[in-house]
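Asker: Structure: protein_18.cif, mmCIF, C-alpha atoms.
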```
data_run
#
loop_
_atom_site.label_atom_id
_atom_site.label_comp_id
_atom_site.auth_asym_id
_atom_site.auth_seq_id
_atom_site.Cartn_x
_atom_site.Cartn_y
_atom_site.Cartn_z
CA MET X 6 0.00 0.00 0.00
CA ALA X 7 1.46 3.36 -0.93
CA ALA X 8 2.38 5.65 1.93
CA THR X 9 1.96 8.90 0.11
CA ILE X 10 -1.72 9.74 -0.13
CA ALA X 11 -2.77 13.41 -0.11
CA LEU X 12 0.38 14.83 1.50
CA LEU X 13 1.18 18.50 1.61
CA PRO X 14 4.15 19.47 -0.62
CA VAL X 15 6.39 20.41 2.28
CA LEU X 16 5.56 17.13 4.01
CA ILE X 17 6.55 15.17 0.94
CA LEU X 18 10.15 16.20 1.41
CA THR X 19 10.31 15.34 5.09
CA LEU X 20 8.96 11.82 5.02
CA THR X 21 11.24 8.83 5.20
CA ALA X 22 10.17 5.29 4.65
CA CYS X 23 13.05 3.71 6.41
CA GLY X 24 14.96 6.18 8.50
CA ALA X 25 15.21 7.76 11.89
CA ASP X 26 16.55 10.80 13.62
CA ASP X 27 20.03 11.13 15.04
CA THR X 28 19.58 9.48 18.39
CA HIS X 29 20.68 11.12 21.60
CA GLY X 30 20.39 10.28 25.25
CA THR X 31 19.97 6.97 27.02
CA THR X 32 19.22 4.00 24.81
CA PRO X 33 17.44 0.92 26.15
CA ALA X 34 19.22 -2.40 25.90
CA GLY X 35 18.95 -3.96 22.49
CA ALA X 36 18.04 -0.73 20.68
CA GLN X 37 21.31 0.73 19.53
CA ALA X 38 24.12 -0.35 21.79
CA ALA X 39 24.98 -3.58 19.95
CA PRO X 40 28.67 -3.88 19.01
CA ALA X 41 29.49 -3.54 15.33
CA PRO X 42 30.80 -6.54 13.37
CA THR X 43 34.57 -6.44 13.01
CA ASP X 44 35.01 -7.56 9.40
CA ASP X 45 35.88 -4.81 6.93
CA PRO X 46 34.81 -5.46 3.33
CA VAL X 47 35.30 -1.79 2.41
CA SER X 48 39.05 -1.60 3.01
CA ALA X 49 39.92 -3.48 -0.19
CA VAL X 50 37.81 -1.26 -2.47
CA ARG X 51 39.79 0.77 -5.00
CA LYS X 52 39.01 3.60 -7.38
CA VAL X 53 37.60 2.57 -10.75
CA ASP X 54 38.65 5.18 -13.29
CA SER X 55 35.86 4.47 -15.77
CA VAL X 56 33.26 4.99 -13.05
CA ALA X 57 34.98 8.02 -11.53
CA ALA X 58 34.99 9.63 -14.98
CA LEU X 59 31.19 9.84 -14.76
CA LEU X 60 31.44 12.42 -11.98
CA PRO X 61 30.99 16.04 -13.03
CA ALA X 62 34.23 17.96 -13.44
CA ASP X 63 33.79 20.07 -10.31
CA ALA X 64 33.36 16.97 -8.14
CA ARG X 65 36.46 15.35 -9.63
CA ALA X 66 38.43 18.53 -9.07
CA SER X 67 37.42 19.00 -5.44
CA GLY X 68 37.71 15.30 -4.60
CA THR X 69 35.11 15.76 -1.86
CA LEU X 70 31.37 15.28 -1.64
CA ARG X 71 29.24 16.67 1.19
CA VAL X 72 26.76 14.16 2.59
CA GLY X 73 23.94 14.85 4.99
CA ARG X 74 23.56 11.72 7.07
CA SER X 75 21.21 10.67 9.83
CA ILE X 76 22.00 8.10 12.49
CA GLY X 77 19.12 5.86 13.47
CA SER X 78 19.42 2.24 14.55
CA PRO X 79 21.19 -0.94 13.47
CA PRO X 80 21.78 -2.31 10.98
CA GLY X 81 21.46 0.89 8.88
CA ALA X 82 23.47 3.45 10.85
CA TYR X 83 23.93 3.62 14.61
CA TYR X 84 26.39 4.24 17.44
CA PRO X 85 27.97 0.93 18.53
CA ASN X 86 28.23 0.75 22.32
CA GLY X 87 26.81 4.26 22.62
CA GLN X 88 28.06 7.56 21.25
CA ASP X 89 31.62 7.18 22.52
CA LYS X 90 32.55 5.54 19.19
CA PRO X 91 32.05 6.60 15.56
CA PRO X 92 28.78 5.51 13.97
CA ALA X 93 28.71 2.28 11.97
CA GLY X 94 26.24 0.40 9.84
CA GLN X 95 25.29 -0.91 6.45
CA ASP X 96 24.47 2.54 5.02
CA ILE X 97 27.82 3.91 6.15
CA ASP X 98 29.75 1.00 4.65
CA ILE X 99 27.95 1.28 1.31
CA ALA X 100 28.50 5.04 1.14
CA ASP X 101 32.19 4.61 2.00
CA ALA X 102 32.60 1.91 -0.64
CA VAL X 103 30.89 4.05 -3.30
CA ALA X 104 33.19 6.96 -2.42
CA LYS X 105 36.25 4.74 -2.83
CA VAL X 106 35.10 3.53 -6.26
CA LEU X 107 34.61 7.18 -7.25
CA GLY X 108 37.94 8.27 -5.79
CA VAL X 109 36.42 10.94 -3.54
CA LYS X 110 36.26 11.63 0.17
CA LEU X 111 33.02 12.14 2.04
CA GLU X 112 32.51 15.18 4.21
CA ARG X 113 29.81 13.91 6.53
CA GLN X 114 27.45 16.31 8.25
CA GLY X 115 25.12 14.87 10.87
CA ALA X 116 21.48 15.90 10.67
CA SER X 117 18.04 14.65 11.60
CA PHE X 118 16.55 12.95 8.60
CA GLU X 119 13.62 15.33 8.20
CA THR X 120 16.04 18.19 7.48
CA ILE X 121 18.16 16.38 4.89
CA LEU X 122 15.85 16.22 1.86
CA PRO X 123 14.83 19.91 1.95
CA ALA X 124 18.51 20.86 2.36
CA LEU X 125 19.47 19.07 -0.86
CA ASP X 126 17.70 21.67 -2.96
CA SER X 127 19.52 24.47 -1.14
CA GLY X 128 22.88 22.94 -2.03
CA LYS X 129 23.89 22.32 1.57
CA TYR X 130 24.61 18.67 0.75
CA ASP X 131 25.60 16.92 -2.47
CA PHE X 132 23.56 13.90 -1.42
CA GLY X 133 21.83 12.45 1.60
CA THR X 134 21.70 9.13 3.42
CA GLY X 135 19.20 8.08 6.04
CA ASN X 136 17.69 4.85 4.74
CA PHE X 137 15.40 6.95 2.56
CA GLY X 138 12.68 4.96 0.86
CA VAL X 139 11.70 5.65 -2.73
CA THR X 140 8.05 6.72 -2.90
CA ALA X 141 5.98 8.06 -5.79
CA GLU X 142 5.41 11.43 -4.14
CA ARG X 143 9.02 11.88 -3.15
CA LEU X 144 10.17 11.16 -6.69
CA LYS X 145 8.46 14.38 -7.74
CA ALA X 146 11.06 16.39 -5.83
CA ILE X 147 14.04 14.09 -5.22
CA ASP X 148 16.26 11.84 -7.37
CA PHE X 149 17.32 8.49 -5.94
CA VAL X 150 20.03 5.95 -6.66
CA THR X 151 18.99 2.66 -5.09
CA TYR X 152 21.27 0.41 -3.05
CA ILE X 153 18.97 -1.88 -1.06
CA ASN X 154 15.36 -2.97 -0.69
CA ASP X 155 13.78 -2.53 2.75
CA GLY X 156 10.37 -1.24 3.76
CA GLN X 157 7.73 -1.22 6.46
CA GLY X 158 7.04 -3.79 9.13
CA PHE X 159 5.61 -4.27 12.61
CA ALA X 160 6.87 -5.62 15.93
CA VAL X 161 5.36 -6.26 19.34
CA LYS X 162 6.75 -6.94 22.79
CA LYS X 163 7.71 -10.58 23.11
CA GLY X 164 4.82 -12.51 24.61
CA SER X 165 2.27 -9.83 23.74
CA THR X 166 -1.27 -10.92 22.90
CA ALA X 167 -2.19 -7.58 21.30
CA LEU X 168 -1.26 -8.74 17.82
CA LYS X 169 -0.14 -12.23 16.93
CA THR X 170 -0.08 -12.40 13.15
CA LYS X 171 1.52 -10.61 10.23
CA VAL X 172 -0.18 -7.31 9.41
CA THR X 173 -1.62 -7.38 5.90
CA ASP X 174 -4.42 -4.87 6.53
CA LEU X 175 -4.22 -1.86 8.85
CA ALA X 176 -7.69 -2.72 10.12
CA GLN X 177 -5.88 -5.36 12.19
CA LEU X 178 -4.49 -2.49 14.26
CA CYS X 179 -7.89 -1.06 15.25
CA GLY X 180 -8.09 -0.36 18.96
CA LEU X 181 -4.32 -0.59 19.43
CA THR X 182 -1.68 2.07 20.08
CA ILE X 183 1.09 2.15 17.49
CA GLY X 184 4.45 3.81 18.06
CA THR X 185 6.52 5.07 15.16
CA GLY X 186 9.07 7.70 14.15
CA ALA X 187 8.08 11.34 13.84
CA GLY X 188 7.96 12.58 10.24
CA THR X 189 8.29 9.12 8.67
CA THR X 190 6.27 7.41 5.98
CA PHE X 191 5.24 5.00 8.72
CA GLU X 192 3.47 7.93 10.37
CA ALA X 193 2.11 9.06 7.01
CA THR X 194 0.76 5.59 6.21
CA LEU X 195 -0.95 5.29 9.57
CA THR X 196 -2.41 8.79 9.35
CA ALA X 197 -3.62 8.43 5.77
CA GLN X 198 -5.29 5.07 6.42
CA LYS X 199 -6.80 5.78 9.83
CA GLY X 200 -10.30 5.69 8.32
CA VAL X 201 -10.07 1.93 7.79
CA CYS X 202 -11.26 1.35 11.36
CA ALA X 203 -14.40 3.45 10.97
CA LYS X 204 -15.20 1.62 7.74
CA ALA X 205 -14.80 -1.67 9.59
CA GLY X 206 -16.99 -0.43 12.45
CA LYS X 207 -14.11 -0.72 14.90
CA LYS X 208 -12.44 1.55 17.43
CA PRO X 209 -9.69 3.63 15.72
CA TYR X 210 -6.06 2.93 16.38
CA ASP X 211 -3.97 5.56 18.14
CA VAL X 212 -0.59 6.70 16.80
CA LYS X 213 2.19 7.97 19.04
CA VAL X 214 5.28 9.42 17.38
CA TYR X 215 8.80 9.55 18.78
CA SER X 216 11.91 11.39 17.63
CA GLU X 217 14.24 8.59 18.75
CA ASN X 218 14.23 4.87 18.05
CA GLY X 219 15.23 4.17 21.62
CA ALA X 220 12.23 6.08 22.94
CA THR X 221 9.89 4.01 20.80
CA LEU X 222 11.35 0.77 22.11
CA THR X 223 11.15 2.01 25.70
CA ALA X 224 7.48 2.84 25.20
CA LEU X 225 6.86 -0.70 23.94
CA GLN X 226 8.75 -2.27 26.81
CA GLN X 227 6.80 -0.17 29.34
CA GLY X 228 3.43 -0.96 27.78
CA ARG X 229 2.64 2.58 26.62
CA ILE X 230 2.26 1.33 23.05
CA ASP X 231 1.15 -2.04 21.72
CA VAL X 232 2.98 -2.17 18.39
CA ILE X 233 5.98 -0.58 16.65
CA MET X 234 5.91 0.26 12.96
CA SER X 235 9.39 0.75 11.53
CA THR X 236 11.86 -0.64 8.99
CA ILE X 237 11.85 -4.32 8.12
CA ASN X 238 15.60 -4.73 8.59
CA GLY X 239 15.66 -2.63 11.75
CA LEU X 240 12.85 -4.55 13.43
CA ARG X 241 14.28 -7.90 12.36
CA HIS X 242 17.70 -6.93 13.79
CA GLN X 243 16.11 -5.64 16.98
CA ALA X 244 14.15 -8.85 17.51
CA ALA X 245 17.41 -10.81 17.26
CA GLN X 246 18.78 -8.96 20.31
CA PRO X 247 17.62 -10.82 23.46
CA ALA X 248 17.60 -7.66 25.59
CA ALA X 249 15.12 -5.94 23.27
CA GLN X 250 12.40 -8.50 24.02
CA THR X 251 10.52 -7.86 20.77
CA ALA X 252 8.93 -10.13 18.18
CA PHE X 253 9.01 -9.18 14.49
CA LEU X 254 5.65 -9.65 12.78
CA GLY X 255 6.90 -9.62 9.22
CA GLU X 256 6.81 -7.34 6.22
CA TYR X 257 3.96 -5.00 5.38
CA HIS X 258 5.15 -2.94 2.40
CA ARG X 259 8.46 -3.19 0.54
CA LEU X 260 10.32 -0.08 -0.63
CA ASP X 261 13.55 0.49 -2.48
CA VAL X 262 16.04 2.57 -0.51
CA GLY X 263 18.51 4.94 -2.07
CA PHE X 264 20.94 7.80 -1.86
CA ALA X 265 18.98 11.04 -2.21
CA PHE X 266 19.88 13.91 -4.56
CA THR X 267 18.34 17.18 -5.63
CA LYS X 268 16.25 16.76 -8.77
CA GLY X 269 18.44 16.67 -11.86
CA SER X 270 21.69 16.12 -9.96
CA PRO X 271 24.63 15.27 -12.25
CA LEU X 272 25.90 12.83 -9.60
CA THR X 273 23.29 10.12 -10.05
CA LYS X 274 24.86 8.31 -13.03
CA ALA X 275 28.20 8.03 -11.26
CA PHE X 276 26.59 6.73 -8.06
CA LYS X 277 24.52 4.17 -9.94
CA ALA X 278 27.64 2.93 -11.75
CA ALA X 279 29.56 2.80 -8.46
CA VAL X 280 26.89 0.72 -6.70
CA ASN X 281 26.72 -1.62 -9.68
CA GLU X 282 30.50 -1.97 -9.61
CA LEU X 283 30.27 -3.01 -5.96
CA ILE X 284 27.56 -5.53 -6.84
CA LYS X 285 29.70 -6.91 -9.67
CA ASN X 286 32.93 -7.24 -7.68
CA GLY X 287 31.25 -8.86 -4.66
CA THR X 288 31.84 -6.05 -2.15
CA TYR X 289 28.14 -5.30 -1.96
CA ALA X 290 27.27 -8.88 -1.01
CA ARG X 291 29.99 -8.91 1.65
CA ILE X 292 28.69 -5.67 3.19
CA LEU X 293 25.14 -7.01 3.39
CA LYS X 294 26.37 -10.31 4.83
CA LYS X 295 28.29 -8.37 7.48
CA TRP X 296 25.13 -6.58 8.59
CA GLY X 297 22.74 -9.51 8.18
CA THR X 298 20.71 -7.87 5.43
CA SER X 299 21.43 -10.19 2.50
CA PRO X 300 17.70 -10.84 1.88
CA SER X 301 17.37 -7.13 1.04
CA ALA X 302 19.96 -7.22 -1.75
CA ILE X 303 19.12 -5.70 -5.12
CA GLU X 304 20.33 -7.14 -8.40
CA THR X 305 21.16 -3.78 -9.92
CA SER X 306 21.12 -0.16 -8.84
CA ARG X 307 18.62 2.09 -10.58
CA ILE X 308 17.89 5.79 -10.79
CA ASN X 309 14.34 6.69 -9.74
CA PRO X 310 12.60 3.28 -9.95
CA PRO X 311 8.82 3.39 -9.45
CA GLU X 312 7.50 2.75 -5.97
CA HIS X 313 6.58 -0.85 -5.21
CA THR X 314 2.83 -1.38 -5.13
#
```
Could you write out this structure as structure tokens?
Answerer:
Amino acid sequence: MAATIALLPVLILTLTACGADDTHGTTPAGAQAAPAPTDDPVSAVRKVDSVAALLPADARASGTLRVGRSIGSPPGAYYPNGQDKPPAGQDIDIADAVAKVLGVKLERQGASFETILPALDSGKYDFGTGNFGVTAERLKAIDFVTYINDGQGFAVKKGSTALKTKVTDLAQLCGLTIGTGAGTTFEATLTAQKGVCAKAGKKPYDVKVYSENGATLTALQQGRIDVIMSTINGLRHQAAQPAAQTAFLGEYHRLDVGFAFTKGSPLTKAFKAAVNELIKNGTYARILKKWGTSPSAIETSRINPPEHT
């Protein structure tokens, strides 16, 4: 089900299908404190001249690209063992590997995800990362180069009787309280489809939004919400951490995820070629294996694919 019904233009830019804010403060066990894997598939990546030649001349001359990045939760991008160490994650490894193929350095600027997409048009960043899902509405204002397939899913507290089966229809949520990230397409989906309960003659579901992944998990653990709606890979990873005490209920809606660019950016062809080079030489598969996201692999990177329906 599309997550982009009747959204205001400014809201279109701020929604993310698969991302989360930079996370600050205390994080509950199992949310973001998991150690990062130690293998390093990125270190062996080298510049590929034929791919680097696709960069515009100014980017080749400067040798640096500015990236607006958000830090959310594993396995995408998070702080291993808290914020006393640099962030790590699948999205960071893929961006680093792409930069090495292109022969450029990344100048990373931390930001909350809802500020990244609007800032692309202002020229503040050359591209953005934040596990941004490709949606039909967003494609009107943003260009994407895909690098993985993720999407929307649900999780409950382990042992919960509130919801026991995979969610295929949001009417299954009627009468429950759902926690999700502020300004995400999860929130947009829930808001846009809230009328399904009235149509079914049931009590509406309630949506509570949080600016931090850790806060959402805490609310679930404390019984203030019944269900979490978030990324498929994030919820699956979280459920694998014993301390989190959550159960993943499966996939609801798949979405391609990509690097985000201002519309018409001359960087997209080079990034697509770089991702496809990583797929061809096996680095891509090794990165996904490292982070446990191999089922989300794509066969080829694309520029602006249509949203999955």
Asker: Can you tell me, as an MDAnalysis selection string, what residues are no more than 7 Å from Ala265 (chain X) when counting only C-alpha atoms, ignoring any on the same chain fewer than 2 positions away?
Answerer: chainID X and resid 132:134 147:150 263
Asker: How many Å lie between CA of His313 (chain X) and CA of Asp261 (chain X), rounded to one decimal?
Answerer: 7.6 Å
Asker: For each of X:Phe253, X:Phe159, X:Tyr84, X:Tyr152, take the minimum atom-to-atom distance to Ala278 (chain X), counting only C-alpha atoms, then give the residue where this is smallest.
Answerer: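 The answer is X:Tyr152, which sits nearest to Ala278 (chain X).
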Asker: Please report the interatomic distance between CA of Tyr289 (chain X) and CA of Thr151 (chain X) in Å with one decimal.
Answerer: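 Computed distance, CA of Tyr289 (chain X) to CA of Thr151 (chain X), equals 12.5 Å.
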Asker: Per residue of region 215-279 of chain X within 12 Å of region 95-118 of chain X, note the shortest atom pair and the distance in Å to one decimal, counting all atoms listed in the file, and order the rows by chain and increasing residue number, as a tab-separated table.
Answerer:
```
residue	atom	partner	partner_atom	distance
X:Ser216	CA	X:Ser117	CA	9.2
X:Glu217	CA	X:Ser117	CA	10.1
X:Asn238	CA	X:Gln95	CA	10.6
X:Gly239	CA	X:Gln95	CA	11.1
X:Val262	CA	X:Asp96	CA	10.1
X:Gly263	CA	X:Asp96	CA	9.6
X:Phe264	CA	X:Ala100	CA	8.6
X:Ala265	CA	X:Phe118	CA	11.2
X:Leu272	CA	X:Leu107	CA	10.6
X:Thr273	CA	X:Val103	CA	11.8
X:Lys274	CA	X:Leu107	CA	11.4
X:Ala275	CA	X:Leu107	CA	7.6
X:Phe276	CA	X:Val103	CA	7.0
X:Lys277	CA	X:Val103	CA	9.2
X:Ala278	CA	X:Val103	CA	9.1
X:Ala279	CA	X:Val103	CA	5.5
```
Asker: Could you list the residues chosen by the PyMOL selection byres ((chain X and resi 225-232) around 12) in this structure as a PyMOL selection string?
Answerer: chain X and resi 33-36+158-172+175+177-185+210-215+218-224+233-235+240+248-254
Asker: Just how far from CA of Leu125 (chain X) is CA of Phe266 (chain X), in Å to one decimal?
Answerer: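 Pair CA of Phe266 (chain X) / CA of Leu125 (chain X) returns 6.4 Å.
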Asker: Around (25.9, -6.1, 7.8) in the file's own coordinates, what residues are found within 8 Å if you use all atoms listed in the file, given back as a list in words?
Answerer: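 Residues with an atom at most 8 Å from (25.9, -6.1, 7.8): Pro42, Pro80, Gly94, Gln95, Arg291, Ile292, Leu293, Lys294, Lys295, Trp296, Gly297 and Thr298 of chain X.
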Asker: With distances taken over only C-alpha atoms, which residue among X:Asp126, X:Glu119, X:Asp131, X:Asp54 lies nearest Gly186 (chain X)?
Answerer: X:Glu119
Asker: Which residue gives the smallest distance to Pro300 (chain X) among X:Leu60, X:Ile153, X:Arg65, X:Ile76, with all atoms listed in the file counted?
Answerer: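 Using all atoms listed in the file, Pro300 (chain X) sits closest to X:Ile153.
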Asker: For Lys145 (chain X), which of X:Thr314, X:Ala187, X:Ser299, X:Lys268 is the closest residue, counting all atoms listed in the file?
Answerer: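 Once distances to Lys145 (chain X) are computed over all atoms listed in the file, the minimum belongs to X:Lys268.
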Asker: Near Ala62 (chain X), counting all atoms listed in the file, which residues have an atom at most 12 Å away, once you skip same-chain residues fewer than 4 positions from it, shown as a ChimeraX atom specification?
Answerer: /X:57-58,66-69,271-272,275
Asker: Axis-aligned box over every listed atom of region 202-218 of chain X, padded by 3 Å per side: centre and edges in Å to one decimal, as JSON?
Answerer:
```
{"center_x": -1.4, "center_y": 4.9, "center_z": 13.4, "size_x": 37.2, "size_y": 19.1, "size_z": 17.3}
```
Asker: Hey, which of X:Thr305, X:Asn86, X:Thr236, X:Thr43 ends up closest to Arg259 (chain X)? Count only C-alpha atoms.
Answerer: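 Closest residue, counting only C-alpha atoms: X:Thr236.
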Asker: So which one's closest to Thr140 (chain X), X:Ala193, X:Ile121, X:Leu59, X:Val201? Using all atoms listed in the file, please.
Answerer: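 Closest to Thr140 (chain X), using all atoms listed in the file: X:Ala193.
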